[in-house]
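Engineer: Once you've had a glance at the structure underneath, I'll fire off some questions.
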Amino acid sequence: MEERRRAILAYLVTHTRATVEELNELFPGTSAMTIRRDLDHLEQEGEVIRIHGGAMLNPARTLQEAQYGVREVENRDEKARIATLAVAQLGDTRSIYIDAGTTCMEFARRLSGSGLLVTTSGANIAAELAGRNPDMTVTMLGGSLNPRSLAVSGSQPIAQVQNINIDTAVMCTSGYAPGAGFSNGHIGESELKRAVIAKARRVILLMDGTKLGKTLPYTFARPEDVDLIICDRNPGNAAGGIPEEKIIY
């Protein structure tokens with residue numbers, strides 16, 4: 001049930017609105033009544049607005065990221081490609097910071113090597129690495145956990161970052177637009193991102209094409225603050241303000 005609702009929401013993220021009949025075609029073994037109940041549930045969670053014959057994405061939702069479970073199934077192939085490219089850029093890095101986010105999770109799934117020192121703000125990323133890499137030292141930052149993003153934030157993790165030497169920070173963004181820079185929908189998480197970027201010797205930012213042209217409330221970095229930006233495709237004019245030599249796709 002939960003997986004179906006995430007898939008419905010992912011469809012609405014892409015198409016903005018849908019009828020019950022359209023959604024029924026996506027789930028041929030599910031009744032129209034069940035689809036309506038799913039839409040009612042998503043409306044109660046504030047994700048969608050019910051309209052005649054179907055539902056539309058709640059416009060207020062664009063001010064923040066969707067729940068992690070929804071974002072995890074969006075653009076999965078593109079995120080996997082970005083993550084693979086990112087791992088190849090690490091070189092002899094020993095101390096890595098991994099930001100929270102679904103693309104960073106794909107990066108963590110592909111990260112291997114003994115002796116690595118990894119710090120992360122993502123609870124799921126810490127669990128993934130600690131459970132799979134016994135020879136890797138994993139530090140999970142403390143702080144207040146955001147259930148939508150599975151990321152911590154607050155004064156505690158910012159203070160922790162000040163005492164960590166970071167060779168490479170692998171960061172994610174919720175949006176990029178010329179002028180606004182790289183942005184996020186949570187002020188605490190944005191403040192932590194800024195602290196990490198200021199501390200790291202090298203910053204690699206992972207961004208799938210759907211983030212281009214989007215501006216969320218809190219800017220945490222601008223093109224001059226990062227060393228390398230990895231995309232799933234050529235961002236073209238949408239990457240206005242980013243030097244071409246900084247982009248890999």
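Residue names in the structure tokens use chain letters A, B, ... in the order shown, residue numbers from 1 in each chain, and ligand numbers from 1 in the order shown.
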Quick one: everything within 6 Å of range 226-230 of chain A, counting only C-alpha atoms, minus sequence neighbours fewer than 4 positions away in the same chain. Send it as an MDAnalysis selection string.
Structural biologist: chainID A and resid 203:206 246:249
Engineer: Excluding range 125-142 of chain A and any residue of its chain fewer than 4 positions from it, enumerate the residues within 12 Å of it, using only C-alpha atoms, and give them as a VMD selection string.
Structural biologist: chain A and resid 94 to 121 146 149 to 164 192 196
Engineer: Which neighbours of range 173-181 of chain A fall inside 10 Å, counting only C-alpha atoms, when residues of the same chain fewer than 4 positions from it are skipped, and could you give them as JSON, numbers by chain?
Structural biologist: {"A": [64, 65, 99, 100, 101, 103, 104, 185, 190, 193, 205, 206, 207, 208, 209, 210, 211, 212, 213, 214, 215, 216, 217, 218, 219, 220, 221, 222, 223, 224, 225, 237, 238, 239, 240, 241, 242]}
Engineer: Select from range 13-196 of chain A everything DSSP, run on the backbone, classes as strand (DSSP E), then give the selection as a PDB file with N, CA and C atoms, in the first residue's frame.
Structural biologist:
```pdb
ATOM      1  N   ARG A  17      -0.808  16.740 -12.179  1.00  0.00           N
ATOM      2  CA  ARG A  17      -2.163  16.278 -11.855  1.00  0.00           C
ATOM      3  C   ARG A  17      -2.470  14.984 -12.599  1.00  0.00           C
ATOM      4  N   ALA A  18      -3.467  14.259 -12.121  1.00  0.00           N
ATOM      5  CA  ALA A  18      -3.856  12.996 -12.760  1.00  0.00           C
ATOM      6  C   ALA A  18      -5.285  12.656 -12.377  1.00  0.00           C
ATOM      7  N   THR A  19      -5.965  11.955 -13.264  1.00  0.00           N
ATOM      8  CA  THR A  19      -7.308  11.469 -12.970  1.00  0.00           C
ATOM      9  C   THR A  19      -7.204  10.088 -12.334  1.00  0.00           C
ATOM     10  N   VAL A  48      -1.169  16.234  -1.723  1.00  0.00           N
ATOM     11  CA  VAL A  48      -1.970  16.504  -2.918  1.00  0.00           C
ATOM     12  C   VAL A  48      -3.240  17.265  -2.538  1.00  0.00           C
ATOM     13  N   ILE A  49      -3.904  17.785  -3.559  1.00  0.00           N
ATOM     14  CA  ILE A  49      -5.221  18.402  -3.397  1.00  0.00           C
ATOM     15  C   ILE A  49      -6.190  17.640  -4.289  1.00  0.00           C
ATOM     16  N   ARG A  50      -7.270  17.171  -3.705  1.00  0.00           N
ATOM     17  CA  ARG A  50      -8.261  16.421  -4.492  1.00  0.00           C
ATOM     18  C   ARG A  50      -9.030  17.376  -5.390  1.00  0.00           C
ATOM     19  N   ILE A  51      -9.167  17.019  -6.649  1.00  0.00           N
ATOM     20  CA  ILE A  51      -9.975  17.764  -7.595  1.00  0.00           C
ATOM     21  C   ILE A  51     -10.976  16.803  -8.221  1.00  0.00           C
ATOM     22  N   GLY A  54      -9.953  13.303  -9.717  1.00  0.00           N
ATOM     23  CA  GLY A  54      -8.564  12.921  -9.475  1.00  0.00           C
ATOM     24  C   GLY A  54      -7.894  13.787  -8.428  1.00  0.00           C
ATOM     25  N   ALA A  55      -6.660  14.184  -8.685  1.00  0.00           N
ATOM     26  CA  ALA A  55      -5.909  14.977  -7.706  1.00  0.00           C
ATOM     27  C   ALA A  55      -4.810  15.748  -8.420  1.00  0.00           C
ATOM     28  N   MET A  56      -4.324  16.799  -7.763  1.00  0.00           N
ATOM     29  CA  MET A  56      -3.186  17.561  -8.256  1.00  0.00           C
ATOM     30  C   MET A  56      -2.164  17.695  -7.132  1.00  0.00           C
ATOM     31  N   LEU A  57      -0.927  17.903  -7.505  1.00  0.00           N
ATOM     32  CA  LEU A  57       0.121  18.092  -6.509  1.00  0.00           C
ATOM     33  C   LEU A  57      -0.151  19.375  -5.732  1.00  0.00           C
ATOM     34  N   SER A  95      39.214  11.162   3.951  1.00  0.00           N
ATOM     35  CA  SER A  95      38.163  11.682   4.833  1.00  0.00           C
ATOM     36  C   SER A  95      37.051  12.273   3.982  1.00  0.00           C
ATOM     37  N   ILE A  96      35.863  11.660   4.053  1.00  0.00           N
ATOM     38  CA  ILE A  96      34.743  12.050   3.186  1.00  0.00           C
ATOM     39  C   ILE A  96      33.545  12.458   4.030  1.00  0.00           C
ATOM     40  N   TYR A  97      32.917  13.539   3.630  1.00  0.00           N
ATOM     41  CA  TYR A  97      31.623  13.906   4.206  1.00  0.00           C
ATOM     42  C   TYR A  97      30.566  13.586   3.166  1.00  0.00           C
ATOM     43  N   ILE A  98      29.501  12.896   3.574  1.00  0.00           N
ATOM     44  CA  ILE A  98      28.400  12.585   2.661  1.00  0.00           C
ATOM     45  C   ILE A  98      27.141  13.264   3.174  1.00  0.00           C
ATOM     46  N   LEU A 117      37.449   7.360   6.287  1.00  0.00           N
ATOM     47  CA  LEU A 117      36.778   8.022   7.399  1.00  0.00           C
ATOM     48  C   LEU A 117      35.594   8.778   6.829  1.00  0.00           C
ATOM     49  N   VAL A 118      34.401   8.356   7.156  1.00  0.00           N
ATOM     50  CA  VAL A 118      33.194   8.942   6.572  1.00  0.00           C
ATOM     51  C   VAL A 118      32.347   9.594   7.658  1.00  0.00           C
ATOM     52  N   THR A 119      31.947  10.829   7.398  1.00  0.00           N
ATOM     53  CA  THR A 119      31.019  11.542   8.267  1.00  0.00           C
ATOM     54  C   THR A 119      29.776  11.851   7.456  1.00  0.00           C
ATOM     55  N   THR A 120      28.608  11.717   8.061  1.00  0.00           N
ATOM     56  CA  THR A 120      27.370  11.981   7.330  1.00  0.00           C
ATOM     57  C   THR A 120      26.302  12.566   8.231  1.00  0.00           C
ATOM     58  N   THR A 137      35.405   3.667   8.870  1.00  0.00           N
ATOM     59  CA  THR A 137      35.008   4.365  10.091  1.00  0.00           C
ATOM     60  C   THR A 137      33.891   5.355   9.748  1.00  0.00           C
ATOM     61  N   VAL A 138      32.710   5.150  10.319  1.00  0.00           N
ATOM     62  CA  VAL A 138      31.540   5.968   9.991  1.00  0.00           C
ATOM     63  C   VAL A 138      31.115   6.774  11.216  1.00  0.00           C
ATOM     64  N   THR A 139      31.015   8.078  11.035  1.00  0.00           N
ATOM     65  CA  THR A 139      30.550   8.966  12.100  1.00  0.00           C
ATOM     66  C   THR A 139      29.222   9.582  11.694  1.00  0.00           C
ATOM     67  N   MET A 140      28.218   9.386  12.527  1.00  0.00           N
ATOM     68  CA  MET A 140      26.901   9.972  12.301  1.00  0.00           C
ATOM     69  C   MET A 140      26.785  11.226  13.155  1.00  0.00           C
ATOM     70  N   SER A 144      18.880  17.218  15.464  1.00  0.00           N
ATOM     71  CA  SER A 144      17.451  16.971  15.303  1.00  0.00           C
ATOM     72  C   SER A 144      17.197  16.297  13.961  1.00  0.00           C
ATOM     73  N   LEU A 145      16.500  15.154  13.974  1.00  0.00           N
ATOM     74  CA  LEU A 145      16.272  14.380  12.751  1.00  0.00           C
ATOM     75  C   LEU A 145      14.996  14.833  12.052  1.00  0.00           C
ATOM     76  N   ASN A 146      15.122  15.150  10.767  1.00  0.00           N
ATOM     77  CA  ASN A 146      13.979  15.515   9.937  1.00  0.00           C
ATOM     78  C   ASN A 146      13.407  14.235   9.327  1.00  0.00           C
ATOM     79  N   ALA A 151      17.626  13.544   7.574  1.00  0.00           N
ATOM     80  CA  ALA A 151      18.838  14.312   7.811  1.00  0.00           C
ATOM     81  C   ALA A 151      18.771  14.989   9.171  1.00  0.00           C
ATOM     82  N   VAL A 152      19.949  15.148   9.797  1.00  0.00           N
ATOM     83  CA  VAL A 152      20.011  15.875  11.063  1.00  0.00           C
ATOM     84  C   VAL A 152      20.397  17.327  10.793  1.00  0.00           C
ATOM     85  N   SER A 153      20.052  18.188  11.723  1.00  0.00           N
ATOM     86  CA  SER A 153      20.427  19.593  11.630  1.00  0.00           C
ATOM     87  C   SER A 153      20.427  20.192  13.028  1.00  0.00           C
ATOM     88  N   THR A 168      37.093  15.631   1.148  1.00  0.00           N
ATOM     89  CA  THR A 168      36.083  15.810   0.097  1.00  0.00           C
ATOM     90  C   THR A 168      34.692  15.755   0.695  1.00  0.00           C
ATOM     91  N   ALA A 169      33.891  16.756   0.391  1.00  0.00           N
ATOM     92  CA  ALA A 169      32.477  16.759   0.791  1.00  0.00           C
ATOM     93  C   ALA A 169      31.637  16.460  -0.442  1.00  0.00           C
ATOM     94  N   VAL A 170      30.800  15.444  -0.335  1.00  0.00           N
ATOM     95  CA  VAL A 170      29.886  15.075  -1.417  1.00  0.00           C
ATOM     96  C   VAL A 170      28.507  15.572  -1.011  1.00  0.00           C
ATOM     97  N   MET A 171      28.014  16.578  -1.721  1.00  0.00           N
ATOM     98  CA  MET A 171      26.805  17.285  -1.327  1.00  0.00           C
ATOM     99  C   MET A 171      25.686  17.086  -2.345  1.00  0.00           C
ATOM    100  N   CYS A 172      24.453  17.295  -1.884  1.00  0.00           N
ATOM    101  CA  CYS A 172      23.282  17.243  -2.752  1.00  0.00           C
ATOM    102  C   CYS A 172      22.517  18.561  -2.653  1.00  0.00           C
ATOM    103  N   GLY A 175      17.624  22.218  -5.495  1.00  0.00           N
ATOM    104  CA  GLY A 175      17.351  23.070  -6.647  1.00  0.00           C
ATOM    105  C   GLY A 175      18.555  23.912  -7.015  1.00  0.00           C
ATOM    106  N   TYR A 176      18.587  24.315  -8.287  1.00  0.00           N
ATOM    107  CA  TYR A 176      19.585  25.289  -8.744  1.00  0.00           C
ATOM    108  C   TYR A 176      18.946  26.214  -9.761  1.00  0.00           C
ATOM    109  N   ALA A 177      19.194  27.495  -9.591  1.00  0.00           N
ATOM    110  CA  ALA A 177      18.751  28.494 -10.566  1.00  0.00           C
ATOM    111  C   ALA A 177      19.778  29.619 -10.580  1.00  0.00           C
ATOM    112  N   GLY A 181      21.366  30.308  -6.926  1.00  0.00           N
ATOM    113  CA  GLY A 181      22.355  29.315  -6.536  1.00  0.00           C
ATOM    114  C   GLY A 181      21.721  27.986  -6.170  1.00  0.00           C
ATOM    115  N   PHE A 182      22.398  27.236  -5.313  1.00  0.00           N
ATOM    116  CA  PHE A 182      21.929  25.924  -4.871  1.00  0.00           C
ATOM    117  C   PHE A 182      21.098  26.114  -3.606  1.00  0.00           C
ATOM    118  N   SER A 183      19.901  25.528  -3.597  1.00  0.00           N
ATOM    119  CA  SER A 183      18.975  25.816  -2.499  1.00  0.00           C
ATOM    120  C   SER A 183      18.324  24.564  -1.941  1.00  0.00           C
ATOM    121  N   ASN A 184      17.736  24.756  -0.761  1.00  0.00           N
ATOM    122  CA  ASN A 184      17.148  23.666   0.013  1.00  0.00           C
ATOM    123  C   ASN A 184      15.906  24.203   0.716  1.00  0.00           C
TER     124      ASN A 184
END
```
Engineer: Excluding Glu78 in chain A and residues on its chain fewer than 3 positions from it, collect all residues at most 6 Å away from it, counting only C-alpha atoms, and give them as a list of chain:residue names.
Structural biologist: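 Contacts, in chain order: A:Asn75, A:Arg81, A:Asp232.
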Engineer: Give me, please, the distance in Å between CA of Asn234 in chain A and CA of Ile187 in chain A, quoted to one decimal.
Structural biologist: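 Between CA of Asn234 in chain A and CA of Ile187 in chain A the gap is 29.3 Å.
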Engineer: Interatomic distance between CA of Arg148 in chain A and CA of Thr84 in chain A?
Structural biologist: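 Interatomic distance here is 25.1 Å.
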Engineer: Rank nothing, just name the residue among A:Ile8, A:His52, A:Arg202, A:Phe27 nearest to Gln89 in chain A, using only C-alpha atoms.
Structural biologist: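 Counting only C-alpha atoms, the residue closest to Gln89 in chain A is A:Arg202.
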Engineer: For a test of reading the model, state the distance in Å between CA of Ala7 in chain A and CA of Asn124 in chain A, rounded to one decimal.
Structural biologist: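 A separation of 20.5 Å between them.
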Engineer: Please report, as a PyMOL selection string, each residue of range 112-232 of chain A to which DSSP assigns alpha helix (DSSP H) when run on this structure's backbone.
Structural biologist: chain A and resi 123-132+155-161+187-199
Engineer: Once you have the residues from the selection above, write them out as a CSV table (one decimal), in the first residue's frame, restricted to N, CA and C atoms.
Structural biologist:
```
chain,number,residue,atom,x,y,z
A,123,ALA,N,20.9,9.7,8.4
A,123,ALA,CA,20.8,8.5,9.3
A,123,ALA,C,20.8,7.2,8.4
A,124,ASN,N,20.1,7.2,7.3
A,124,ASN,CA,20.1,6.0,6.5
A,124,ASN,C,21.4,5.7,5.8
A,125,ILE,N,22.1,6.8,5.5
A,125,ILE,CA,23.5,6.6,4.9
A,125,ILE,C,24.4,6.0,5.9
A,126,ALA,N,24.4,6.5,7.2
A,126,ALA,CA,25.2,5.9,8.2
A,126,ALA,C,24.9,4.5,8.4
A,127,ALA,N,23.7,4.1,8.4
A,127,ALA,CA,23.3,2.7,8.6
A,127,ALA,C,23.7,1.8,7.4
A,128,GLU,N,23.6,2.4,6.2
A,128,GLU,CA,24.0,1.6,5.0
A,128,GLU,C,25.5,1.4,5.1
A,129,LEU,N,26.3,2.4,5.3
A,129,LEU,CA,27.8,2.2,5.3
A,129,LEU,C,28.3,1.3,6.5
A,130,ALA,N,27.8,1.6,7.7
A,130,ALA,CA,28.2,0.8,8.8
A,130,ALA,C,27.9,-0.7,8.7
A,131,GLY,N,26.7,-1.0,8.1
A,131,GLY,CA,26.3,-2.4,8.0
A,131,GLY,C,27.0,-3.1,6.9
A,132,ARG,N,27.6,-2.4,5.9
A,132,ARG,CA,28.2,-3.0,4.7
A,132,ARG,C,29.7,-3.0,4.7
A,155,SER,N,22.4,23.2,15.9
A,155,SER,CA,23.7,23.7,16.4
A,155,SER,C,24.7,22.6,16.7
A,156,GLN,N,24.2,21.4,17.1
A,156,GLN,CA,25.1,20.3,17.5
A,156,GLN,C,25.9,19.8,16.3
A,157,PRO,N,25.3,19.5,15.2
A,157,PRO,CA,26.1,19.0,14.1
A,157,PRO,C,27.0,20.0,13.5
A,158,ILE,N,26.6,21.3,13.5
A,158,ILE,CA,27.5,22.4,13.0
A,158,ILE,C,28.7,22.5,13.9
A,159,ALA,N,28.6,22.4,15.2
A,159,ALA,CA,29.7,22.4,16.1
A,159,ALA,C,30.6,21.2,15.8
A,160,GLN,N,30.1,20.0,15.6
A,160,GLN,CA,30.9,18.8,15.3
A,160,GLN,C,31.7,19.0,14.1
A,161,VAL,N,31.1,19.6,13.0
A,161,VAL,CA,31.8,19.8,11.8
A,161,VAL,C,33.1,20.6,11.9
A,187,ILE,N,15.8,25.3,6.6
A,187,ILE,CA,16.8,26.2,7.0
A,187,ILE,C,17.9,25.6,7.8
A,188,GLY,N,17.6,24.7,8.7
A,188,GLY,CA,18.6,24.0,9.5
A,188,GLY,C,19.6,23.2,8.7
A,189,GLU,N,19.0,22.5,7.7
A,189,GLU,CA,19.9,21.6,6.9
A,189,GLU,C,20.7,22.5,6.0
A,190,SER,N,20.2,23.6,5.5
A,190,SER,CA,21.0,24.6,4.7
A,190,SER,C,22.2,25.2,5.5
A,191,GLU,N,21.9,25.5,6.8
A,191,GLU,CA,23.0,26.0,7.6
A,191,GLU,C,24.1,25.0,7.8
A,192,LEU,N,23.8,23.7,8.0
A,192,LEU,CA,24.8,22.7,8.1
A,192,LEU,C,25.5,22.5,6.8
A,193,LYS,N,24.8,22.5,5.7
A,193,LYS,CA,25.5,22.4,4.4
A,193,LYS,C,26.5,23.5,4.2
A,194,ARG,N,26.2,24.7,4.6
A,194,ARG,CA,27.1,25.8,4.4
A,194,ARG,C,28.3,25.6,5.3
A,195,ALA,N,28.1,25.1,6.5
A,195,ALA,CA,29.3,24.9,7.4
A,195,ALA,C,30.2,23.8,6.8
A,196,VAL,N,29.6,22.8,6.3
A,196,VAL,CA,30.4,21.7,5.7
A,196,VAL,C,31.2,22.2,4.5
A,197,ILE,N,30.6,22.9,3.6
A,197,ILE,CA,31.2,23.5,2.4
A,197,ILE,C,32.4,24.4,2.8
A,198,ALA,N,32.2,25.2,3.8
A,198,ALA,CA,33.3,26.1,4.3
A,198,ALA,C,34.5,25.3,4.9
A,199,LYS,N,34.2,24.1,5.4
A,199,LYS,CA,35.3,23.4,6.1
A,199,LYS,C,36.0,22.4,5.1
```
Engineer: A:Ala32, A:Glu244, A:Thr14, A:Cys231: which is nearest Ala80 in chain A, counting only C-alpha atoms?
Structural biologist: A:Cys231
